[in-house]
$ cat target-v1.tsv   # TSV, C-alpha atoms
chain	number	residue	atom	x	y	z
D	1	MET	CA	10.86	49.92	-19.73
D	2	SER	CA	10.63	46.22	-20.48
D	3	SER	CA	8.26	44.15	-18.35
D	4	ASP	CA	10.23	40.96	-19.00
D	5	PRO	CA	11.41	39.76	-15.53
D	6	THR	CA	14.39	38.00	-17.14
D	7	SER	CA	15.67	41.10	-18.96
D	8	ASP	CA	18.80	43.08	-18.04
D	9	THR	CA	16.62	45.65	-16.27
D	10	HIS	CA	16.16	43.20	-13.40
D	11	PRO	CA	19.69	42.24	-12.27
D	12	ALA	CA	18.44	41.15	-8.84
D	13	LEU	CA	16.15	38.58	-10.44
D	14	ALA	CA	18.98	37.37	-12.65
D	15	GLU	CA	21.15	36.90	-9.57
D	16	ASP	CA	18.34	34.98	-7.84
D	17	ASP	CA	17.98	32.74	-10.89
D	18	ALA	CA	21.72	32.09	-10.96
D	19	ARG	CA	21.78	31.20	-7.25
D	20	HIS	CA	18.80	28.92	-7.70
D	21	ALA	CA	20.40	27.15	-10.69
D	22	SER	CA	23.65	26.66	-8.74
D	23	LYS	CA	21.76	25.31	-5.70
D	24	MET	CA	19.75	22.88	-7.83
D	25	ALA	CA	22.88	21.71	-9.67
D	26	LYS	CA	24.53	20.87	-6.35
D	27	LYS	CA	21.38	19.11	-5.15
D	28	LYS	CA	21.20	17.08	-8.38
D	29	ALA	CA	24.84	16.05	-8.08
D	30	ALA	CA	24.30	14.90	-4.50
D	31	ARG	CA	21.11	13.07	-5.48
D	32	ASP	CA	22.80	11.37	-8.46
D	33	LYS	CA	25.67	10.25	-6.22
D	34	MET	CA	23.22	8.81	-3.69
D	35	MET	CA	21.19	7.01	-6.37
D	36	ALA	CA	24.35	5.55	-7.95
D	37	ALA	CA	25.00	3.73	-4.67
D	38	LYS	CA	21.54	2.11	-4.74
D	39	SER	CA	21.72	-0.84	-7.09
D	40	GLY	CA	20.13	-3.73	-5.19
D	41	GLU	CA	16.61	-5.07	-5.44
D	42	LYS	CA	14.61	-6.78	-2.71
D	43	GLY	CA	11.08	-7.98	-2.23
D	44	LEU	CA	9.69	-5.65	0.43
D	45	ILE	CA	7.37	-6.15	3.37
D	46	ILE	CA	5.23	-3.01	3.24
D	47	VAL	CA	2.80	-1.89	5.94
D	48	HIS	CA	0.10	0.78	5.56
D	49	THR	CA	-1.49	1.59	8.90
D	50	GLY	CA	-2.86	4.47	10.98
D	51	ALA	CA	-6.29	5.96	11.67
D	52	GLY	CA	-6.33	8.10	8.53
D	53	LYS	CA	-7.97	7.27	5.23
D	54	GLY	CA	-5.91	6.00	2.30
D	55	LYS	CA	-4.29	2.77	3.47
D	56	SER	CA	-6.04	0.47	1.00
D	57	SER	CA	-6.28	3.16	-1.67
D	58	SER	CA	-2.51	3.60	-1.68
D	59	ALA	CA	-1.94	-0.15	-1.75
D	60	PHE	CA	-4.30	-0.58	-4.70
D	61	GLY	CA	-2.39	2.17	-6.45
D	62	MET	CA	0.69	-0.06	-6.18
D	63	ILE	CA	-1.28	-2.98	-7.60
D	64	LEU	CA	-2.31	-0.83	-10.56
D	65	ARG	CA	1.32	0.09	-11.12
D	66	CYS	CA	2.12	-3.62	-11.33
D	67	VAL	CA	-0.68	-4.11	-13.83
D	68	ALA	CA	0.59	-1.18	-15.92
D	69	HIS	CA	4.07	-2.74	-15.99
D	70	GLY	CA	2.68	-6.16	-16.87
D	71	ILE	CA	3.77	-7.60	-13.52
D	72	PRO	CA	1.62	-10.47	-12.16
D	73	CYS	CA	0.10	-9.60	-8.79
D	74	ALA	CA	-2.66	-10.69	-6.43
D	75	VAL	CA	-5.05	-9.34	-3.81
D	76	VAL	CA	-6.51	-11.11	-0.79
D	77	GLN	CA	-9.14	-9.07	1.01
D	78	PHE	CA	-9.67	-9.73	4.70
D	79	ILE	CA	-12.68	-8.21	6.52
D	80	LYS	CA	-13.94	-6.05	3.62
D	81	GLY	CA	-14.32	-9.00	1.26
D	82	ALA	CA	-18.10	-8.74	1.38
D	83	TRP	CA	-18.02	-5.23	-0.11
D	84	ASP	CA	-18.58	-4.54	-3.78
D	85	THR	CA	-15.65	-2.16	-4.26
D	86	GLY	CA	-14.52	-0.23	-7.30
D	87	GLU	CA	-11.05	-1.78	-7.07
D	88	ARG	CA	-12.51	-5.26	-7.12
D	89	ARG	CA	-14.71	-4.52	-10.14
D	90	LEU	CA	-11.87	-2.94	-12.10
D	91	LEU	CA	-9.31	-5.64	-11.44
D	92	THR	CA	-11.58	-8.66	-11.89
D	93	GLN	CA	-13.42	-7.35	-14.95
D	94	HIS	CA	-10.47	-5.88	-16.85
D	95	PHE	CA	-7.20	-7.22	-15.49
D	96	GLY	CA	-7.96	-10.74	-14.30
D	97	GLY	CA	-5.12	-12.09	-16.41
D	98	LEU	CA	-2.56	-10.12	-14.46
D	99	CYS	CA	-4.14	-9.73	-11.03
D	100	GLN	CA	-5.76	-12.55	-9.08
D	101	PHE	CA	-8.38	-11.25	-6.65
D	102	TYR	CA	-9.77	-13.15	-3.67
D	103	ALA	CA	-12.42	-11.59	-1.42
D	104	MET	CA	-12.18	-13.78	1.67
D	105	GLY	CA	-13.70	-11.60	4.40
D	106	GLU	CA	-17.35	-11.45	5.38
D	107	GLY	CA	-17.51	-7.93	6.79
D	108	PHE	CA	-16.40	-6.13	9.91
D	109	THR	CA	-16.61	-7.96	13.23
D	110	TRP	CA	-19.64	-6.01	14.40
D	111	GLU	CA	-21.50	-7.14	11.27
D	112	THR	CA	-20.92	-10.90	11.58
D	113	GLN	CA	-21.06	-10.92	15.40
D	114	ASP	CA	-19.57	-14.40	15.26
D	115	ARG	CA	-15.93	-14.68	16.37
D	116	ALA	CA	-15.54	-18.31	15.28
D	117	ARG	CA	-16.81	-17.43	11.82
D	118	ASP	CA	-14.47	-14.42	11.61
D	119	ILE	CA	-11.50	-16.56	12.63
D	120	ALA	CA	-12.37	-19.21	10.04
D	121	ALA	CA	-12.63	-16.57	7.30
D	122	ALA	CA	-9.30	-15.00	8.32
D	123	LYS	CA	-7.54	-18.35	8.36
D	124	ALA	CA	-8.93	-19.25	4.95
D	125	GLY	CA	-7.68	-15.91	3.65
D	126	TRP	CA	-4.24	-16.50	5.12
D	127	GLU	CA	-3.97	-19.94	3.54
D	128	LYS	CA	-4.78	-18.43	0.15
D	129	ALA	CA	-2.30	-15.62	0.82
D	130	LYS	CA	0.51	-18.07	1.57
D	131	GLU	CA	-0.21	-19.96	-1.65
D	132	LEU	CA	-0.03	-16.75	-3.68
D	133	ILE	CA	3.06	-15.39	-1.93
D	134	LYS	CA	4.99	-18.62	-2.51
D	135	ASP	CA	4.24	-18.53	-6.24
D	136	PRO	CA	7.44	-17.00	-7.73
D	137	ALA	CA	5.52	-15.79	-10.79
D	138	ILE	CA	3.52	-13.36	-8.64
D	139	ARG	CA	5.64	-10.32	-7.77
D	140	MET	CA	3.28	-8.40	-5.44
D	141	VAL	CA	0.57	-9.61	-3.07
D	142	LEU	CA	-1.74	-7.20	-1.28
D	143	LEU	CA	-3.21	-8.45	2.00
D	144	ASP	CA	-5.94	-5.86	2.42
D	145	GLU	CA	-7.09	-5.24	6.02
D	146	ILE	CA	-5.06	-8.15	7.39
D	147	ASN	CA	-3.94	-5.87	10.22
D	148	ILE	CA	-7.50	-5.97	11.56
D	149	ALA	CA	-7.42	-9.77	11.65
D	150	LEU	CA	-4.06	-9.63	13.42
D	151	ARG	CA	-5.29	-7.01	15.88
D	152	TYR	CA	-8.18	-9.22	17.00
D	153	ASP	CA	-5.91	-12.28	17.08
D	154	TYR	CA	-7.84	-14.07	14.37
D	155	LEU	CA	-4.38	-14.85	13.01
D	156	ASP	CA	-1.13	-15.44	14.88
D	157	ALA	CA	1.09	-12.44	14.18
D	158	ALA	CA	4.26	-14.39	14.95
D	159	GLU	CA	3.31	-17.03	12.39
D	160	VAL	CA	2.56	-14.42	9.73
D	161	ILE	CA	5.85	-12.61	10.32
D	162	GLN	CA	7.89	-15.81	10.35
D	163	PHE	CA	6.34	-16.88	7.06
D	164	LEU	CA	7.10	-13.51	5.45
D	165	GLU	CA	10.68	-13.59	6.69
D	166	THR	CA	11.48	-17.19	5.81
D	167	GLU	CA	9.20	-18.36	2.98
D	168	LYS	CA	8.48	-15.28	0.87
D	169	PRO	CA	10.47	-15.40	-2.39
D	170	PRO	CA	13.34	-12.87	-2.34
D	171	LEU	CA	11.86	-10.52	-4.97
D	172	THR	CA	8.19	-10.69	-3.97
D	173	HIS	CA	6.61	-7.62	-2.40
D	174	VAL	CA	3.88	-8.10	0.20
D	175	VAL	CA	1.67	-5.18	1.27
D	176	LEU	CA	-0.30	-5.41	4.53
D	177	THR	CA	-2.97	-2.78	5.24
D	178	GLY	CA	-5.24	-1.86	8.12
D	179	ARG	CA	-5.12	0.33	11.20
D	180	ASN	CA	-3.44	-0.69	14.46
D	181	ALA	CA	-0.63	-2.71	12.90
D	182	LYS	CA	1.14	-4.77	15.54
D	183	GLN	CA	4.51	-3.44	16.64
D	184	GLU	CA	6.26	-6.69	15.80
D	185	LEU	CA	5.00	-6.42	12.22
D	186	ILE	CA	6.18	-2.81	12.01
D	187	ASP	CA	9.60	-3.92	13.29
D	188	ALA	CA	9.82	-6.65	10.64
D	189	ALA	CA	8.69	-4.47	7.74
D	190	ASP	CA	10.95	-2.73	5.23
D	191	LEU	CA	8.56	0.14	4.52
D	192	VAL	CA	5.93	1.48	6.92
D	193	THR	CA	3.53	4.35	6.28
D	194	GLU	CA	1.14	5.67	8.91
D	195	MET	CA	-1.90	7.56	7.66
D	196	THR	CA	-2.80	10.35	10.09
D	197	LEU	CA	-6.43	11.36	10.51
D	198	VAL	CA	-6.81	15.13	10.33
D	199	LYS	CA	-10.41	15.45	9.16
D	200	HIS	CA	-13.06	13.01	7.91
D	201	PRO	CA	-16.55	13.72	6.50
D	202	PHE	CA	-18.04	10.75	8.38
D	203	ARG	CA	-17.75	12.79	11.58
D	204	SER	CA	-19.93	15.43	9.96
D	205	GLY	CA	-22.68	12.93	9.16
D	206	ILE	CA	-21.64	12.16	5.58
D	207	LYS	CA	-21.76	8.48	4.66
D	208	GLY	CA	-19.18	6.55	2.64
D	209	GLN	CA	-19.52	7.26	-1.07
D	210	PRO	CA	-18.57	5.35	-4.24
D	211	GLY	CA	-15.29	6.52	-5.68
D	212	VAL	CA	-14.12	7.90	-2.33
D	213	GLU	CA	-14.49	5.09	0.21
D	214	PHE	CA	-15.12	2.08	-2.05

$ encode --input "target-v1.tsv" --output "structure tokens"
Amino acid sequence: MSSDPTSDTHPALAEDDARHASKMAKKKAARDKMMAAKSGEKGLIIVHTGAGKGKSSSAFGMILRCVAHGIPCAVVQFIKGAWDTGERRLLTQHFGGLCQFYAMGEGFTWETQDRARDIAAAKAGWEKAKELIKDPAIRMVLLDEINIALRYDYLDAAEVIQFLETEKPPLTHVVLTGRNAKQELIDAADLVTEMTLVKHPFRSGIKGQPGVEF
């Protein structure tokens, strides 16, 4: 007897394959119809938030996509600007012509222990961000950890949202990362992803490691 699962000796499997093919054909037709109705383009306000890991990592993945497509982009780092990260090394050393990178933060608030200094750094970062966002040649701007600055009221959330809604060029994407995104920012955004913390090695006494955390 043949062991070939697609042979005539297995009619039940052949019927399963036929049902599967019919189901997938219907799904493809429905998907194609849905995609045919989506023809517009828009510069998106994108928020990555939540307690889980991956907010900045995902955003930098989008920046690398821009680089791969030859699309000019920019990064402004709030809070973590003092860190020597792998993303920063890669983009500044190899793709500086396509991606402008500005590390404006001086560390987390418990490191500086100086609210006035933190506010000044956040405001300087926001001024640079506005300059980059208004440049029509730049198609994506990542505001890394800006949600932290907004959470602590180093920046006025209403001002940030109003700027994004009224002064951002129509086809420019802006990505805002950091946990505890303000509800008004979530309401204004086009795309919001919340990273959920299920398990993290830090809780087991394992420190942040190159290639994983930075």

$ residues_around --input "target-v1.tsv" --residues "range 178-183 of chain D" --least-positions-apart "5" --cutoff "8 Å" --atoms "all atoms listed in the file" --output "PDB file with C-alpha atoms, in the frame of the given file"
ATOM      1  CA  VAL D  47       2.800  -1.890   5.940  1.00  0.00           C
ATOM      2  CA  HIS D  48       0.100   0.780   5.560  1.00  0.00           C
ATOM      3  CA  THR D  49      -1.490   1.590   8.900  1.00  0.00           C
ATOM      4  CA  GLY D  50      -2.860   4.470  10.980  1.00  0.00           C
ATOM      5  CA  ALA D  51      -6.290   5.960  11.670  1.00  0.00           C
ATOM      6  CA  LYS D  55      -4.290   2.770   3.470  1.00  0.00           C
ATOM      7  CA  SER D  56      -6.040   0.470   1.000  1.00  0.00           C
ATOM      8  CA  ASP D 144      -5.940  -5.860   2.420  1.00  0.00           C
ATOM      9  CA  GLU D 145      -7.090  -5.240   6.020  1.00  0.00           C
ATOM     10  CA  ILE D 146      -5.060  -8.150   7.390  1.00  0.00           C
ATOM     11  CA  ASN D 147      -3.940  -5.870  10.220  1.00  0.00           C
ATOM     12  CA  ILE D 148      -7.500  -5.970  11.560  1.00  0.00           C
ATOM     13  CA  LEU D 150      -4.060  -9.630  13.420  1.00  0.00           C
ATOM     14  CA  ARG D 151      -5.290  -7.010  15.880  1.00  0.00           C
ATOM     15  CA  ALA D 157       1.090 -12.440  14.180  1.00  0.00           C
TER      16      ALA D 157
END

$ residues_near_point --input "target-v1.tsv" --point "(9.2, -6.8, -4.4)" --cutoff "9 Å" --atoms "all atoms listed in the file" --output "PyMOL selection string"
chain D and resi 41-45+139-140+169-174

$ atom_distance --input "target-v1.tsv" --atom1 "CA of Val192 in chain D" --atom2 "CA of Ala29 in chain D"
28.2 Å

$ residues_around --input "target-v1.tsv" --residues "Phe60 in chain D" --least-positions-apart "2" --cutoff "10 Å" --atoms "all atoms listed in the file" --output "count of residues only"
17

$ closest_residue --input "target-v1.tsv" --among "D:Pro11, D:Tyr154, D:Thr196, D:Gln100" --to "Asp114 in chain D" --atoms "only C-alpha atoms"
D:Tyr154

$ atom_distance --input "target-v1.tsv" --atom1 "CA of Phe101 in chain D" --atom2 "CA of Val141 in chain D"
9.8 Å

$ atom_distance --input "target-v1.tsv" --atom1 "CA of Phe78 in chain D" --atom2 "CA of His94 in chain D"
21.9 Å

$ residues_around --input "target-v1.tsv" --residues "Glu159 in chain D" --least-positions-apart "6" --cutoff "12 Å" --atoms "all atoms listed in the file" --output "PDB file with C-alpha atoms, in the coordinates of the input"
ATOM      1  CA  LYS D 123      -7.540 -18.350   8.360  1.00  0.00           C
ATOM      2  CA  TRP D 126      -4.240 -16.500   5.120  1.00  0.00           C
ATOM      3  CA  GLU D 127      -3.970 -19.940   3.540  1.00  0.00           C
ATOM      4  CA  LYS D 130       0.510 -18.070   1.570  1.00  0.00           C
ATOM      5  CA  LEU D 150      -4.060  -9.630  13.420  1.00  0.00           C
ATOM      6  CA  ASP D 153      -5.910 -12.280  17.080  1.00  0.00           C
ATOM      7  CA  GLU D 165      10.680 -13.590   6.690  1.00  0.00           C
ATOM      8  CA  THR D 166      11.480 -17.190   5.810  1.00  0.00           C
ATOM      9  CA  GLU D 167       9.200 -18.360   2.980  1.00  0.00           C
ATOM     10  CA  GLU D 184       6.260  -6.690  15.800  1.00  0.00           C
ATOM     11  CA  LEU D 185       5.000  -6.420  12.220  1.00  0.00           C
TER      12      LEU D 185
END

$ closest_atom_pairs --input "target-v1.tsv" --of "range 42-90 of chain D" --to "range 204-214 of chain D" --cutoff "8 Å" --atoms "only C-alpha atoms" --output "CSV"
residue,atom,partner,partner_atom,distance
D:Asp84,CA,D:Phe214,CA,7.7
D:Thr85,CA,D:Phe214,CA,4.8
D:Gly86,CA,D:Phe214,CA,5.8
D:Glu87,CA,D:Phe214,CA,7.5

$ closest_residue --input "target-v1.tsv" --among "D:Val198, D:Ala129, D:Leu155, D:Ala189" --to "Lys53 in chain D" --atoms "all atoms listed in the file"
D:Val198

$ closest_residue --input "target-v1.tsv" --among "D:Gly61, D:Gly52, D:Gly105, D:Gly97" --to "Val76 in chain D" --atoms "all atoms listed in the file"
D:Gly105

$ closest_residue --input "target-v1.tsv" --among "D:Pro72, D:Pro201, D:Ala14, D:Lys80" --to "Phe95 in chain D" --atoms "all atoms listed in the file"
D:Pro72

$ closest_residue --input "target-v1.tsv" --among "D:Leu143, D:Ala36, D:Ala116, D:Ile46" --to "Ala188 in chain D" --atoms "all atoms listed in the file"
D:Ile46

$ build_atoms --input "target-v1.tsv" --residues "range 142-166 of chain D" --atoms "N, CA and C atoms" --output "CSV table (one decimal), in the frame of the given file"
chain,number,residue,atom,x,y,z
D,142,LEU,N,-1.1,-8.1,-2.2
D,142,LEU,CA,-1.7,-7.2,-1.3
D,142,LEU,C,-2.7,-8.0,-0.3
D,143,LEU,N,-2.4,-7.8,1.0
D,143,LEU,CA,-3.2,-8.4,2.0
D,143,LEU,C,-4.0,-7.3,2.6
D,144,ASP,N,-5.2,-7.0,2.0
D,144,ASP,CA,-5.9,-5.9,2.4
D,144,ASP,C,-6.7,-6.1,3.7
D,145,GLU,N,-6.5,-5.2,4.7
D,145,GLU,CA,-7.1,-5.2,6.0
D,145,GLU,C,-6.6,-6.4,6.9
D,146,ILE,N,-5.5,-7.0,6.5
D,146,ILE,CA,-5.1,-8.2,7.4
D,146,ILE,C,-4.7,-7.7,8.8
D,147,ASN,N,-4.3,-6.4,8.9
D,147,ASN,CA,-3.9,-5.9,10.2
D,147,ASN,C,-5.1,-5.9,11.2
D,148,ILE,N,-6.3,-5.8,10.7
D,148,ILE,CA,-7.5,-6.0,11.6
D,148,ILE,C,-7.6,-7.4,12.1
D,149,ALA,N,-7.4,-8.4,11.2
D,149,ALA,CA,-7.4,-9.8,11.6
D,149,ALA,C,-6.3,-10.1,12.7
D,150,LEU,N,-5.2,-9.4,12.5
D,150,LEU,CA,-4.1,-9.6,13.4
D,150,LEU,C,-4.4,-8.9,14.8
D,151,ARG,N,-5.0,-7.8,14.7
D,151,ARG,CA,-5.3,-7.0,15.9
D,151,ARG,C,-6.2,-7.8,16.8
D,152,TYR,N,-7.2,-8.5,16.2
D,152,TYR,CA,-8.2,-9.2,17.0
D,152,TYR,C,-7.7,-10.7,17.3
D,153,ASP,N,-6.5,-11.0,16.9
D,153,ASP,CA,-5.9,-12.3,17.1
D,153,ASP,C,-6.7,-13.4,16.3
D,154,TYR,N,-7.3,-13.0,15.2
D,154,TYR,CA,-7.8,-14.1,14.4
D,154,TYR,C,-6.7,-14.9,13.7
D,155,LEU,N,-5.6,-14.2,13.5
D,155,LEU,CA,-4.4,-14.8,13.0
D,155,LEU,C,-3.2,-14.6,14.0
D,156,ASP,N,-2.3,-15.5,14.0
D,156,ASP,CA,-1.1,-15.4,14.9
D,156,ASP,C,-0.1,-14.6,14.2
D,157,ALA,N,0.2,-13.4,14.8
D,157,ALA,CA,1.1,-12.4,14.2
D,157,ALA,C,2.5,-13.0,14.0
D,158,ALA,N,2.9,-13.8,15.0
D,158,ALA,CA,4.3,-14.4,15.0
D,158,ALA,C,4.4,-15.3,13.8
D,159,GLU,N,3.3,-16.1,13.5
D,159,GLU,CA,3.3,-17.0,12.4
D,159,GLU,C,3.4,-16.3,11.1
D,160,VAL,N,2.6,-15.2,11.0
D,160,VAL,CA,2.6,-14.4,9.7
D,160,VAL,C,3.9,-13.8,9.5
D,161,ILE,N,4.5,-13.2,10.5
D,161,ILE,CA,5.8,-12.6,10.3
D,161,ILE,C,6.9,-13.6,10.0
D,162,GLN,N,6.9,-14.8,10.6
D,162,GLN,CA,7.9,-15.8,10.4
D,162,GLN,C,7.8,-16.3,8.9
D,163,PHE,N,6.5,-16.5,8.4
D,163,PHE,CA,6.3,-16.9,7.1
D,163,PHE,C,6.9,-15.8,6.1
D,164,LEU,N,6.6,-14.6,6.3
D,164,LEU,CA,7.1,-13.5,5.4
D,164,LEU,C,8.6,-13.4,5.4
D,165,GLU,N,9.2,-13.7,6.6
D,165,GLU,CA,10.7,-13.6,6.7
D,165,GLU,C,11.4,-14.8,6.2
D,166,THR,N,10.8,-16.0,6.2
D,166,THR,CA,11.5,-17.2,5.8
D,166,THR,C,11.0,-17.9,4.5
